[in-house]
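K.L.:
mmCIF, C-alpha atoms, file start07.cif:
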data_input
#
loop_
_atom_site.label_atom_id
_atom_site.label_comp_id
_atom_site.auth_asym_id
_atom_site.auth_seq_id
_atom_site.Cartn_x
_atom_site.Cartn_y
_atom_site.Cartn_z
CA MET C 30 -26.66 26.76 -9.04
CA SER C 31 -24.55 23.74 -9.93
CA LYS C 32 -21.76 22.46 -7.70
CA GLY C 33 -18.26 23.74 -8.45
CA SER C 34 -15.24 21.50 -9.03
CA LEU C 35 -11.90 21.12 -7.30
CA PHE C 36 -8.80 21.37 -9.49
CA VAL C 37 -5.49 20.18 -8.08
CA ILE C 38 -2.56 21.56 -10.04
CA SER C 39 0.88 20.08 -9.70
CA GLY C 40 3.96 19.35 -11.73
CA PRO C 41 7.76 19.40 -11.50
CA SER C 42 9.49 22.44 -10.04
CA GLY C 43 9.98 25.09 -12.75
CA THR C 44 7.07 24.16 -15.04
CA GLY C 45 5.26 27.42 -14.27
CA LYS C 46 2.36 26.12 -12.14
CA GLY C 47 2.46 29.22 -9.93
CA THR C 48 2.13 31.62 -12.86
CA LEU C 49 -0.66 29.47 -14.32
CA CYS C 50 -2.59 29.59 -11.01
CA THR C 51 -2.14 33.37 -10.70
CA GLU C 52 -3.71 33.75 -14.15
CA LEU C 53 -6.57 31.35 -13.36
CA LEU C 54 -7.45 33.24 -10.16
CA LYS C 55 -8.19 36.36 -12.25
CA GLN C 56 -11.39 34.61 -13.35
CA ASP C 57 -14.68 35.37 -11.58
CA ASN C 58 -15.54 31.86 -10.51
CA ILE C 59 -12.13 30.43 -9.57
CA PHE C 60 -10.91 30.63 -5.98
CA LEU C 61 -8.05 29.46 -3.81
CA SER C 62 -9.08 27.41 -0.79
CA VAL C 63 -8.55 28.93 2.65
CA SER C 64 -5.94 26.98 4.65
CA ALA C 65 -5.93 26.10 8.32
CA THR C 66 -2.88 26.90 10.45
CA THR C 67 -1.65 26.48 14.00
CA ARG C 68 0.41 29.67 13.92
CA ASP C 69 -0.84 32.76 15.78
CA LYS C 70 -3.16 35.20 14.07
CA ARG C 71 -1.35 38.37 13.02
CA VAL C 72 -2.67 41.93 12.98
CA GLY C 73 -4.80 42.52 9.89
CA GLU C 74 -5.60 38.83 9.34
CA THR C 75 -9.17 37.55 9.42
CA GLU C 76 -10.41 34.13 10.60
CA GLY C 77 -11.87 32.24 7.63
CA VAL C 78 -10.38 34.68 5.12
CA THR C 79 -6.60 34.69 5.62
CA TYR C 80 -6.60 31.37 7.49
CA TYR C 81 -8.67 29.19 9.80
CA TYR C 82 -6.77 29.35 13.10
CA THR C 83 -6.58 26.26 15.27
CA ASP C 84 -4.30 24.52 17.80
CA THR C 85 -1.90 21.66 17.11
CA GLU C 86 -4.00 19.03 18.90
CA SER C 87 -7.12 19.84 16.85
CA PHE C 88 -5.05 19.98 13.68
CA LYS C 89 -3.57 16.52 14.33
CA LYS C 90 -7.02 15.11 15.10
CA MET C 91 -8.23 16.41 11.72
CA ILE C 92 -5.29 14.70 9.98
CA ASP C 93 -6.09 11.40 11.70
CA ALA C 94 -9.77 11.68 10.76
CA GLY C 95 -8.92 12.25 7.07
CA GLU C 96 -10.36 15.77 7.28
CA MET C 97 -7.20 17.47 6.06
CA LEU C 98 -6.79 17.14 2.29
CA GLU C 99 -3.07 17.86 2.60
CA TYR C 100 -0.77 19.54 5.09
CA ALA C 101 2.81 20.56 5.78
CA VAL C 102 4.86 21.80 8.72
CA TYR C 103 6.94 25.02 8.48
CA SER C 104 8.92 26.45 11.44
CA GLY C 105 7.00 24.25 13.87
CA ASN C 106 3.56 25.35 12.64
CA TYR C 107 1.07 23.21 10.73
CA TYR C 108 -0.53 24.47 7.52
CA GLY C 109 -3.16 22.48 5.65
CA THR C 110 -6.31 22.37 3.55
CA PRO C 111 -9.43 21.32 5.47
CA LYS C 112 -11.68 19.08 3.36
CA LYS C 113 -14.80 20.74 4.76
CA ALA C 114 -13.71 24.25 3.75
CA VAL C 115 -13.16 23.04 0.18
CA CYS C 116 -16.44 21.10 0.04
CA ASP C 117 -18.38 24.13 1.36
CA MET C 118 -16.98 26.30 -1.45
CA LEU C 119 -17.85 23.61 -4.03
CA GLU C 120 -21.42 23.46 -2.68
CA GLU C 121 -21.63 27.25 -3.18
CA GLY C 122 -20.86 26.65 -6.87
CA LYS C 123 -17.28 27.91 -6.65
CA ASN C 124 -14.40 26.33 -8.54
CA VAL C 125 -11.51 25.76 -6.16
CA ILE C 126 -7.83 25.53 -7.02
CA LEU C 127 -5.10 23.81 -5.02
CA GLU C 128 -1.50 24.11 -6.16
CA ILE C 129 0.45 21.37 -4.40
CA GLU C 130 3.24 18.86 -5.06
CA ALA C 131 2.50 15.48 -6.63
CA GLN C 132 2.45 13.37 -3.46
CA GLY C 133 -0.11 15.72 -1.90
CA ALA C 134 -2.14 15.78 -5.11
CA LEU C 135 -2.50 12.00 -5.12
CA LYS C 136 -3.52 12.07 -1.44
CA VAL C 137 -6.24 14.62 -2.25
CA LYS C 138 -7.52 12.26 -4.98
CA ASP C 139 -7.75 9.46 -2.38
CA LEU C 140 -9.76 11.63 0.01
CA LEU C 141 -11.83 13.38 -2.68
CA PRO C 142 -12.00 11.16 -5.78
CA GLU C 143 -13.99 13.78 -7.70
CA ALA C 144 -11.00 16.17 -7.61
CA VAL C 145 -9.71 16.96 -11.11
CA LEU C 146 -5.95 16.40 -11.10
CA ILE C 147 -3.99 18.49 -13.59
CA PHE C 148 -0.33 17.73 -14.18
CA VAL C 149 1.69 20.53 -15.77
CA VAL C 150 4.80 19.44 -17.67
CA PRO C 151 7.50 21.38 -19.50
CA PRO C 152 7.81 20.89 -23.29
CA SER C 153 11.18 19.20 -22.73
CA ILE C 154 13.71 18.54 -19.99
CA SER C 155 16.24 20.87 -21.63
CA GLU C 156 13.62 23.66 -21.53
CA LEU C 157 12.93 22.85 -17.83
CA ARG C 158 16.68 23.06 -17.08
CA LYS C 159 16.84 26.39 -18.94
CA ARG C 160 13.90 27.84 -16.97
CA LEU C 161 15.28 26.72 -13.61
CA THR C 162 18.70 28.17 -14.51
CA GLU C 163 17.22 31.52 -15.65
CA ARG C 164 15.09 31.76 -12.51
CA GLY C 165 18.38 31.72 -10.62
CA ARG C 166 16.93 30.51 -7.30
CA GLU C 167 18.81 27.20 -7.21
CA ASP C 168 22.42 26.28 -8.01
CA SER C 169 23.10 23.73 -10.76
CA ALA C 170 23.44 20.79 -8.32
CA GLU C 171 20.01 21.61 -6.85
CA ILE C 172 18.57 21.97 -10.38
CA GLU C 173 19.83 18.50 -11.33
CA ARG C 174 18.42 17.13 -8.05
CA ARG C 175 15.00 18.60 -8.90
CA ILE C 176 15.07 17.19 -12.42
CA GLU C 177 15.97 13.77 -11.01
CA ALA C 178 13.08 14.14 -8.53
CA ALA C 179 10.74 14.89 -11.45
CA LYS C 180 11.18 11.27 -12.62
CA TRP C 181 8.89 10.01 -9.88
CA GLU C 182 6.35 12.73 -10.66
CA PHE C 183 6.34 11.87 -14.38
CA SER C 184 5.84 8.19 -13.55
CA GLN C 185 2.71 9.15 -11.57
CA SER C 186 1.19 11.14 -14.43
CA PRO C 187 -1.20 8.37 -15.59
CA LYS C 188 -3.06 8.89 -12.30
CA TYR C 189 -3.84 12.47 -13.26
CA ASN C 190 -7.00 13.49 -15.10
CA TYR C 191 -5.12 15.82 -17.43
CA VAL C 192 -1.54 16.45 -18.50
CA ILE C 193 -0.90 19.94 -19.86
CA VAL C 194 2.27 21.00 -21.63
CA ASN C 195 3.27 24.50 -20.53
CA ASP C 196 4.90 25.55 -23.78
CA GLU C 197 3.32 29.02 -23.86
CA LEU C 198 1.51 30.59 -20.89
CA THR C 199 -1.55 32.01 -22.71
CA ARG C 200 -2.22 28.71 -24.49
CA CYS C 201 -1.72 26.79 -21.23
CA VAL C 202 -4.16 29.10 -19.36
CA ASP C 203 -6.74 28.70 -22.16
CA GLU C 204 -6.43 24.91 -22.07
CA THR C 205 -6.90 24.87 -18.29
CA LEU C 206 -9.93 27.17 -18.54
CA SER C 207 -11.42 24.77 -21.12
CA ILE C 208 -10.93 21.89 -18.67
CA ILE C 209 -12.66 23.90 -15.92
CA LYS C 210 -15.52 24.82 -18.29
CA ALA C 211 -15.92 21.18 -19.37
CA ALA C 212 -16.03 20.00 -15.74
CA ASN C 213 -18.73 22.57 -14.94
CA GLU C 214 -20.82 21.64 -18.00
CA ARG C 215 -20.52 17.96 -17.13
CA GLN C 216 -21.69 18.67 -13.57
CA GLN C 217 -24.68 20.59 -14.95
CA MET C 218 -25.54 17.74 -17.32
CA ILE C 219 -25.43 15.14 -14.54
CA GLU C 220 -27.55 17.34 -12.27
CA ARG C 221 -30.07 17.75 -15.14
CA LEU C 222 -30.25 13.95 -15.61
CA LEU C 223 -30.62 13.40 -11.85
CA ASN C 224 -33.42 15.99 -11.70
CA GLU C 225 -35.21 14.17 -14.49
CA ILE C 226 -35.41 10.93 -12.48
CA MET Y 21 6.71 0.76 -28.25
CA SER Y 22 4.78 2.85 -25.67
CA LYS Y 23 2.60 1.29 -22.99
CA GLY Y 24 -1.09 0.91 -23.79
CA SER Y 25 -3.91 2.20 -21.59
CA LEU Y 26 -6.82 0.56 -19.81
CA PHE Y 27 -10.28 1.98 -20.50
CA VAL Y 28 -13.12 1.02 -18.18
CA ILE Y 29 -16.49 1.68 -19.76
CA SER Y 30 -19.63 1.76 -17.69
CA GLY Y 31 -22.95 3.54 -17.47
CA PRO Y 32 -26.61 2.90 -16.69
CA SER Y 33 -28.37 -0.06 -18.27
CA GLY Y 34 -29.65 0.87 -21.74
CA THR Y 35 -27.12 3.60 -22.60
CA GLY Y 36 -25.56 1.50 -25.35
CA LYS Y 37 -22.20 0.64 -23.75
CA GLY Y 38 -22.20 -2.83 -25.33
CA THR Y 39 -22.69 -1.51 -28.86
CA LEU Y 40 -20.01 1.12 -28.25
CA CYS Y 41 -17.52 -1.55 -27.11
CA THR Y 42 -18.29 -3.77 -30.11
CA GLU Y 43 -17.45 -0.84 -32.39
CA LEU Y 44 -14.24 0.00 -30.49
CA LEU Y 45 -12.99 -3.59 -30.74
CA LYS Y 46 -13.00 -3.30 -34.55
CA GLN Y 47 -9.90 -1.11 -34.19
CA ASP Y 48 -6.44 -2.66 -34.60
CA ASN Y 49 -5.01 -1.72 -31.23
CA ILE Y 50 -8.02 -2.15 -28.91
CA PHE Y 51 -8.55 -5.47 -27.12
CA LEU Y 52 -10.81 -7.05 -24.56
CA SER Y 53 -9.01 -8.48 -21.55
CA VAL Y 54 -9.04 -12.27 -21.10
CA SER Y 55 -11.01 -13.29 -18.00
CA ALA Y 56 -10.21 -15.99 -15.47
CA THR Y 57 -12.87 -18.56 -14.58
CA THR Y 58 -13.36 -21.54 -12.29
CA ARG Y 59 -15.69 -23.32 -14.71
CA ASP Y 60 -14.42 -26.32 -16.69
CA LYS Y 61 -12.74 -25.81 -20.02
CA ARG Y 62 -15.01 -26.72 -22.92
CA VAL Y 63 -14.10 -28.32 -26.23
CA GLY Y 64 -12.66 -25.71 -28.62
CA GLU Y 65 -11.63 -23.31 -25.85
CA THR Y 66 -7.98 -22.33 -25.36
CA GLU Y 67 -6.21 -21.48 -22.09
CA GLY Y 68 -5.17 -17.82 -22.17
CA VAL Y 69 -7.37 -17.05 -25.18
CA THR Y 70 -10.95 -17.92 -24.26
CA TYR Y 71 -10.26 -17.85 -20.52
CA TYR Y 72 -7.60 -18.50 -17.93
CA TYR Y 73 -8.82 -21.62 -16.13
CA THR Y 74 -8.29 -21.94 -12.40
CA ASP Y 75 -9.87 -23.48 -9.28
CA THR Y 76 -12.05 -21.73 -6.71
CA GLU Y 77 -9.38 -21.71 -3.99
CA SER Y 78 -6.80 -20.01 -6.24
CA PHE Y 79 -9.46 -17.58 -7.50
CA LYS Y 80 -10.42 -16.57 -3.95
CA LYS Y 81 -6.76 -16.14 -3.01
CA MET Y 82 -6.35 -13.76 -5.96
CA ILE Y 83 -9.38 -11.74 -4.80
CA ASP Y 84 -7.93 -11.47 -1.28
CA ALA Y 85 -4.55 -10.40 -2.64
CA GLY Y 86 -6.12 -7.60 -4.74
CA GLU Y 87 -5.04 -9.40 -7.92
CA MET Y 88 -8.54 -9.56 -9.39
CA LEU Y 89 -9.59 -6.21 -10.84
CA GLU Y 90 -13.26 -7.25 -10.62
CA TYR Y 91 -15.20 -10.50 -10.45
CA ALA Y 92 -18.68 -12.02 -10.35
CA VAL Y 93 -20.26 -15.40 -9.64
CA TYR Y 94 -22.66 -17.04 -12.12
CA SER Y 95 -24.17 -20.52 -11.57
CA GLY Y 96 -21.64 -21.27 -8.87
CA ASN Y 97 -18.61 -20.40 -11.03
CA TYR Y 98 -16.32 -17.39 -10.56
CA TYR Y 99 -15.49 -15.09 -13.48
CA GLY Y 100 -13.07 -12.20 -13.14
CA THR Y 101 -10.37 -9.98 -14.63
CA PRO Y 102 -6.86 -10.75 -13.39
CA LYS Y 103 -4.83 -7.57 -12.91
CA LYS Y 104 -1.68 -9.27 -14.22
CA ALA Y 105 -3.31 -10.28 -17.51
CA VAL Y 106 -4.38 -6.67 -18.10
CA CYS Y 107 -0.98 -5.23 -17.10
CA ASP Y 108 0.81 -7.66 -19.42
CA MET Y 109 -1.31 -6.50 -22.37
CA LEU Y 110 -0.65 -2.85 -21.48
CA GLU Y 111 3.11 -3.55 -21.36
CA GLU Y 112 2.80 -5.01 -24.88
CA GLY Y 113 1.43 -1.62 -26.00
CA LYS Y 114 -2.16 -2.84 -26.32
CA ASN Y 115 -5.16 -0.73 -25.32
CA VAL Y 116 -7.48 -2.80 -23.16
CA ILE Y 117 -11.22 -2.34 -22.69
CA LEU Y 118 -13.31 -3.49 -19.74
CA GLU Y 119 -17.08 -3.05 -19.88
CA ILE Y 120 -18.37 -3.37 -16.33
CA GLU Y 121 -20.93 -1.84 -13.97
CA ALA Y 122 -20.14 1.29 -11.96
CA GLN Y 123 -19.28 -0.37 -8.65
CA GLY Y 124 -16.74 -2.63 -10.39
CA ALA Y 125 -15.36 0.32 -12.36
CA LEU Y 126 -14.62 2.29 -9.20
CA LYS Y 127 -12.96 -0.79 -7.68
CA VAL Y 128 -10.70 -1.09 -10.76
CA LYS Y 129 -9.71 2.58 -10.29
CA ASP Y 130 -8.71 1.77 -6.69
CA LEU Y 131 -6.54 -1.15 -7.77
CA LEU Y 132 -5.20 0.50 -10.95
CA PRO Y 133 -5.37 4.30 -10.56
CA GLU Y 134 -4.06 4.83 -14.10
CA ALA Y 135 -7.22 3.23 -15.54
CA VAL Y 136 -9.21 5.68 -17.65
CA LEU Y 137 -12.83 5.55 -16.48
CA ILE Y 138 -15.44 6.42 -19.11
CA PHE Y 139 -19.04 6.91 -18.04
CA VAL Y 140 -21.61 6.64 -20.84
CA VAL Y 141 -24.88 8.50 -20.25
CA PRO Y 142 -28.09 8.80 -22.29
CA PRO Y 143 -29.02 12.26 -23.64
CA SER Y 144 -32.03 12.29 -21.29
CA ILE Y 145 -33.91 9.99 -18.92
CA SER Y 146 -36.95 9.95 -21.23
CA GLU Y 147 -34.66 8.74 -24.06
CA LEU Y 148 -33.23 6.06 -21.72
CA ARG Y 149 -36.76 4.90 -20.84
CA LYS Y 150 -37.64 4.81 -24.57
CA ARG Y 151 -34.55 2.69 -25.40
CA LEU Y 152 -35.15 0.23 -22.56
CA THR Y 153 -38.81 -0.09 -23.59
CA GLU Y 154 -37.95 -0.65 -27.29
CA ARG Y 155 -35.31 -3.24 -26.38
CA GLY Y 156 -38.17 -5.19 -24.82
CA ARG Y 157 -36.01 -7.26 -22.46
CA GLU Y 158 -37.47 -5.85 -19.23
CA ASP Y 159 -41.05 -5.08 -18.15
CA SER Y 160 -41.94 -1.52 -17.15
CA ALA Y 161 -41.50 -2.16 -13.40
CA GLU Y 162 -37.97 -3.47 -14.05
CA ILE Y 163 -37.24 -0.48 -16.32
CA GLU Y 164 -38.28 1.96 -13.59
CA ARG Y 165 -36.13 -0.01 -11.08
CA ARG Y 166 -33.13 0.33 -13.39
CA ILE Y 167 -33.70 4.05 -13.88
CA GLU Y 168 -33.94 4.47 -10.11
CA ALA Y 169 -30.68 2.47 -9.76
CA ALA Y 170 -29.03 4.84 -12.25
CA LYS Y 171 -29.30 7.61 -9.62
CA TRP Y 172 -26.40 6.15 -7.65
CA GLU Y 173 -24.37 5.72 -10.83
CA PHE Y 174 -24.95 9.34 -11.90
CA SER Y 175 -23.91 10.52 -8.44
CA GLN Y 176 -20.58 8.68 -8.88
CA SER Y 177 -19.86 10.29 -12.26
CA PRO Y 178 -17.43 12.94 -10.87
CA LYS Y 179 -15.07 10.06 -10.08
CA TYR Y 180 -14.86 9.15 -13.77
CA ASN Y 181 -12.24 10.55 -16.11
CA TYR Y 182 -14.75 11.17 -18.88
CA VAL Y 183 -18.50 11.39 -19.27
CA ILE Y 184 -19.76 10.72 -22.80
CA VAL Y 185 -23.31 11.37 -23.96
CA ASN Y 186 -24.47 8.55 -26.24
CA ASP Y 187 -26.79 10.61 -28.40
CA GLU Y 188 -25.63 9.10 -31.69
CA LEU Y 189 -23.47 5.96 -31.95
CA THR Y 190 -20.97 7.13 -34.62
CA ARG Y 191 -20.30 10.39 -32.77
CA CYS Y 192 -19.97 8.53 -29.47
CA VAL Y 193 -17.49 6.02 -31.00
CA ASP Y 194 -15.45 8.89 -32.49
CA GLU Y 195 -15.33 10.71 -29.14
CA THR Y 196 -14.15 7.53 -27.38
CA LEU Y 197 -11.49 6.92 -30.03
CA SER Y 198 -10.26 10.49 -29.49
CA ILE Y 199 -9.97 9.79 -25.76
CA ILE Y 200 -7.98 6.61 -26.48
CA LYS Y 201 -5.73 8.47 -28.94
CA ALA Y 202 -5.15 11.30 -26.42
CA ALA Y 203 -4.23 8.78 -23.69
CA ASN Y 204 -1.73 7.09 -26.01
CA GLU Y 205 -0.17 10.41 -27.07
CA ARG Y 206 0.10 11.50 -23.45
CA GLN Y 207 1.84 8.22 -22.57
CA GLN Y 208 4.30 8.75 -25.43
CA MET Y 209 5.01 12.32 -24.30
CA ILE Y 210 5.70 11.24 -20.71
CA GLU Y 211 7.96 8.41 -21.90
CA ARG Y 212 9.82 10.92 -24.08
CA LEU Y 213 10.33 13.29 -21.10
CA LEU Y 214 11.46 10.39 -18.89
CA ASN Y 215 13.95 9.25 -21.55
CA GLU Y 216 15.36 12.75 -21.67
CA ILE Y 217 16.27 12.69 -17.96
#
Just dump the structure as structure tokens.
P.N.:
Amino acid sequence: MSKGSLFVISGPSGTGKGTLCTELLKQDNIFLSVSATTRDKRVGETEGVTYYYTDTESFKKMIDAGEMLEYAVYSGNYYGTPKKAVCDMLEEGKNVILEIEAQGALKVKDLLPEAVLIFVVPPSISELRKRLTERGREDSAEIERRIEAAKWEFSQSPKYNYVIVNDELTRCVDETLSIIKAANERQQMIERLLNEI
Amino acid sequence: MSKGSLFVISGPSGTGKGTLCTELLKQDNIFLSVSATTRDKRVGETEGVTYYYTDTESFKKMIDAGEMLEYAVYSGNYYGTPKKAVCDMLEEGKNVILEIEAQGALKVKDLLPEAVLIFVVPPSISELRKRLTERGREDSAEIERRIEAAKWEFSQSPKYNYVIVNDELTRCVDETLSIIKAANERQQMIERLLNEI
């Protein structure tokens, strides 16, 4: 069993990353990582399945030790991706997907340089504006603010392993699956060469 | 004129990186970077063409400031690749090639995360042994030492953007040219999206 790969998917708001990830997760060997949180466990949730539950002090220690690939705070609770949880899944041969914003994606690459960074872009800015408007979640001022914010993300794109244009969902899913397949084949080839030594 | 890209080519001794680079440099828009050196200028050499000439103190200061993408010392003289020289060529729209060993390649990626790292591997270890033997430069003990050293390099391969199998030179050159073309097209697309904002 070859090691799996970690794929970090990000891109400007409204490019359809979420839909892409939902489609990818329908595949047998593609999984979401399990996050850690400091919020209380709720009825029906399972440790290590829904979340890893921990306290704020331990969570902060993990951040300081570089053991948290990325994290965020919502309503006073920490949520994050423990490096070890991801690496364990990779060792089991699973492909792991993280859908996070660009700043987090680049931090993951620092902590785990073998992560495959995929940047999803819209076919054009006018199409992005159209999608954000049709989605109807943000008013036009917020939409323009998000498009302005995308400038920084676009400028970071050379640091990504792949840039995918989300012009049509099915094509975009197929392209991403090819990237995942290529990463797995490459891992197998390297393991074969290492075994030969 | 779009920005060019930097391609760092490395791989185990005997995989044919040198021959690959020689072929790539026959293309119109692919250049080798100009190195800096502390050795004296010789007759017929030109500042900024053959080398950038500097003194040891300035060279060391550049290393400390992270301005030298990689460097080495031969016969008491320093040789290295100044980051600025590479970035200037990229700004001029040139594609730049660096052929260096794996440790240097990973250091370049730290200093210039947009560098495209290409790892060239042999189709098999037995083929690598055959090529090193036929080349006749090293005795069999040295060949086995180099193959053993390749282990570390192979283990670093997930950090590379691309892994290319050098099974047949023409095919390997074509694959690398496709990578360079794709990087250029991607740069153009991102510049187009940025211009649209």
K.L.:
What's around C:Tyr100 at 7 Å? Count only C-alpha atoms, leave out sequence neighbours fewer than 4 positions away in its own chain, and write the answer as a tab-separated table (two decimals) with C-alpha atoms, in the coordinates of the input.
P.N.:
chain	number	residue	atom	x	y	z
C	107	TYR	CA	1.07	23.21	10.73
C	108	TYR	CA	-0.53	24.47	7.52
C	109	GLY	CA	-3.16	22.48	5.65
C	110	THR	CA	-6.31	22.37	3.55
K.L.:
Pull the closest atom pair for each residue of chain Y that gets at most 10 Å from chain C, along with the distance in Å to one decimal, counting all atoms listed in the file, ordering rows by chain and then ascending residue number, as JSON lines.
P.N.:
{"residue": "Y:Ser25", "atom": "CA", "partner": "C:Pro187", "partner_atom": "CA", "distance": 9.0}
{"residue": "Y:Leu126", "atom": "CA", "partner": "C:Pro142", "partner_atom": "CA", "distance": 9.9}
{"residue": "Y:Lys129", "atom": "CA", "partner": "C:Lys188", "partner_atom": "CA", "distance": 9.4}
{"residue": "Y:Asp130", "atom": "CA", "partner": "C:Asp139", "partner_atom": "CA", "distance": 8.9}
{"residue": "Y:Leu132", "atom": "CA", "partner": "C:Lys188", "partner_atom": "CA", "distance": 8.8}
{"residue": "Y:Pro133", "atom": "CA", "partner": "C:Lys188", "partner_atom": "CA", "distance": 5.4}
{"residue": "Y:Glu134", "atom": "CA", "partner": "C:Lys188", "partner_atom": "CA", "distance": 4.6}
{"residue": "Y:Ala135", "atom": "CA", "partner": "C:Lys188", "partner_atom": "CA", "distance": 7.7}
{"residue": "Y:Val136", "atom": "CA", "partner": "C:Asn190", "partner_atom": "CA", "distance": 8.5}
{"residue": "Y:Leu137", "atom": "CA", "partner": "C:Asn190", "partner_atom": "CA", "distance": 9.9}
{"residue": "Y:Val141", "atom": "CA", "partner": "C:Ile219", "partner_atom": "CA", "distance": 8.8}
{"residue": "Y:Pro142", "atom": "CA", "partner": "C:Leu222", "partner_atom": "CA", "distance": 8.7}
{"residue": "Y:Pro143", "atom": "CA", "partner": "C:Leu222", "partner_atom": "CA", "distance": 8.3}
{"residue": "Y:Ser144", "atom": "CA", "partner": "C:Leu222", "partner_atom": "CA", "distance": 6.2}
{"residue": "Y:Ile145", "atom": "CA", "partner": "C:Glu225", "partner_atom": "CA", "distance": 6.2}
{"residue": "Y:Ser146", "atom": "CA", "partner": "C:Glu225", "partner_atom": "CA", "distance": 8.1}
{"residue": "Y:Glu164", "atom": "CA", "partner": "C:Ile226", "partner_atom": "CA", "distance": 9.5}
{"residue": "Y:Ile167", "atom": "CA", "partner": "C:Ile226", "partner_atom": "CA", "distance": 7.2}
{"residue": "Y:Glu168", "atom": "CA", "partner": "C:Ile226", "partner_atom": "CA", "distance": 7.0}
{"residue": "Y:Ala170", "atom": "CA", "partner": "C:Leu223", "partner_atom": "CA", "distance": 8.7}
{"residue": "Y:Lys171", "atom": "CA", "partner": "C:Leu223", "partner_atom": "CA", "distance": 6.3}
{"residue": "Y:Trp172", "atom": "CA", "partner": "C:Leu223", "partner_atom": "CA", "distance": 9.4}
{"residue": "Y:Glu173", "atom": "CA", "partner": "C:Leu223", "partner_atom": "CA", "distance": 10.0}
{"residue": "Y:Phe174", "atom": "CA", "partner": "C:Ile219", "partner_atom": "CA", "distance": 6.4}
{"residue": "Y:Ser175", "atom": "CA", "partner": "C:Ile219", "partner_atom": "CA", "distance": 7.8}
{"residue": "Y:Gln176", "atom": "CA", "partner": "C:Glu143", "partner_atom": "CA", "distance": 8.4}
{"residue": "Y:Ser177", "atom": "CA", "partner": "C:Ile219", "partner_atom": "CA", "distance": 7.7}
{"residue": "Y:Pro178", "atom": "CA", "partner": "C:Glu143", "partner_atom": "CA", "distance": 4.8}
{"residue": "Y:Lys179", "atom": "CA", "partner": "C:Glu143", "partner_atom": "CA", "distance": 4.5}
{"residue": "Y:Tyr180", "atom": "CA", "partner": "C:Glu143", "partner_atom": "CA", "distance": 7.7}
{"residue": "Y:Asn181", "atom": "CA", "partner": "C:Asn190", "partner_atom": "CA", "distance": 6.1}
{"residue": "Y:Tyr182", "atom": "CA", "partner": "C:Asn190", "partner_atom": "CA", "distance": 8.9}
{"residue": "Y:Val183", "atom": "CA", "partner": "C:Arg215", "partner_atom": "CA", "distance": 7.2}
{"residue": "Y:Ile184", "atom": "CA", "partner": "C:Arg215", "partner_atom": "CA", "distance": 9.2}
{"residue": "Y:Val185", "atom": "CA", "partner": "C:Met218", "partner_atom": "CA", "distance": 9.5}
{"residue": "Y:Ala203", "atom": "CA", "partner": "C:Pro187", "partner_atom": "CA", "distance": 8.7}
{"residue": "Y:Arg206", "atom": "CA", "partner": "C:Val192", "partner_atom": "CA", "distance": 7.2}
{"residue": "Y:Gln207", "atom": "CA", "partner": "C:Pro187", "partner_atom": "CA", "distance": 7.6}
{"residue": "Y:Met209", "atom": "CA", "partner": "C:Pro152", "partner_atom": "CA", "distance": 9.1}
{"residue": "Y:Ile210", "atom": "CA", "partner": "C:Phe183", "partner_atom": "CA", "distance": 6.4}
{"residue": "Y:Glu211", "atom": "CA", "partner": "C:Phe183", "partner_atom": "CA", "distance": 8.4}
{"residue": "Y:Arg212", "atom": "CA", "partner": "C:Ser153", "partner_atom": "CA", "distance": 8.5}
{"residue": "Y:Leu213", "atom": "CA", "partner": "C:Ser153", "partner_atom": "CA", "distance": 6.2}
{"residue": "Y:Leu214", "atom": "CA", "partner": "C:Lys180", "partner_atom": "CA", "distance": 6.3}
{"residue": "Y:Asn215", "atom": "CA", "partner": "C:Ile154", "partner_atom": "CA", "distance": 9.4}
{"residue": "Y:Glu216", "atom": "CA", "partner": "C:Ile154", "partner_atom": "CA", "distance": 6.3}
{"residue": "Y:Ile217", "atom": "CA", "partner": "C:Ile154", "partner_atom": "CA", "distance": 6.7}
K.L.:
For a test of reading the model, state the distance in Å between atom CA of Y:Gly34 and atom CA of Y:Arg149, rounded to one decimal.
P.N.:
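Separating atom CA of Y:Gly34 from atom CA of Y:Arg149 is a distance of 8.2 Å.
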K.L.:
Which one is closest to C:Thr205: C:Leu157, C:Gly133, C:Glu121, C:Ile147? Count only C-alpha atoms.
P.N.:
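Counting only C-alpha atoms, the residue closest to C:Thr205 is C:Ile147.
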K.L.:
Y:Glu90: which residues within 10 Å, counting all atoms listed in the file, same-chain residues fewer than 5 positions away excluded, as a list in words?
P.N.:
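Result of the neighbour search: Ser55, Ile83, Tyr99, Gly100, Thr101, Pro102, Lys103, Leu118, Ile120, Glu121, Gln123, Gly124, Ala125, Leu126, Lys127, Val128 and Leu131 of chain Y.
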K.L.:
Is it possible to add N, CA and C atoms to stretch 95-99 of chain C and hand it back as an mmCIF file, in the frame of the given file?
P.N.:
data_model
loop_
_atom_site.group_PDB
_atom_site.id
_atom_site.type_symbol
_atom_site.label_atom_id
_atom_site.label_comp_id
_atom_site.auth_asym_id
_atom_site.auth_seq_id
_atom_site.Cartn_x
_atom_site.Cartn_y
_atom_site.Cartn_z
ATOM 1 N N GLY C 95 -8.836 12.104 8.525
ATOM 2 C CA GLY C 95 -8.920 12.250 7.070
ATOM 3 C C GLY C 95 -9.630 13.521 6.658
ATOM 4 N N GLU C 96 -9.649 14.520 7.574
ATOM 5 C CA GLU C 96 -10.360 15.770 7.280
ATOM 6 C C GLU C 96 -9.437 16.845 6.708
ATOM 7 N N MET C 97 -8.151 16.509 6.607
ATOM 8 C CA MET C 97 -7.200 17.470 6.060
ATOM 9 C C MET C 97 -6.755 16.934 4.695
ATOM 10 N N LEU C 98 -7.102 17.634 3.631
ATOM 11 C CA LEU C 98 -6.790 17.140 2.290
ATOM 12 C C LEU C 98 -5.286 16.999 2.086
ATOM 13 N N GLU C 99 -4.538 17.922 2.651
ATOM 14 C CA GLU C 99 -3.070 17.860 2.600
ATOM 15 C C GLU C 99 -2.568 18.823 3.642
#
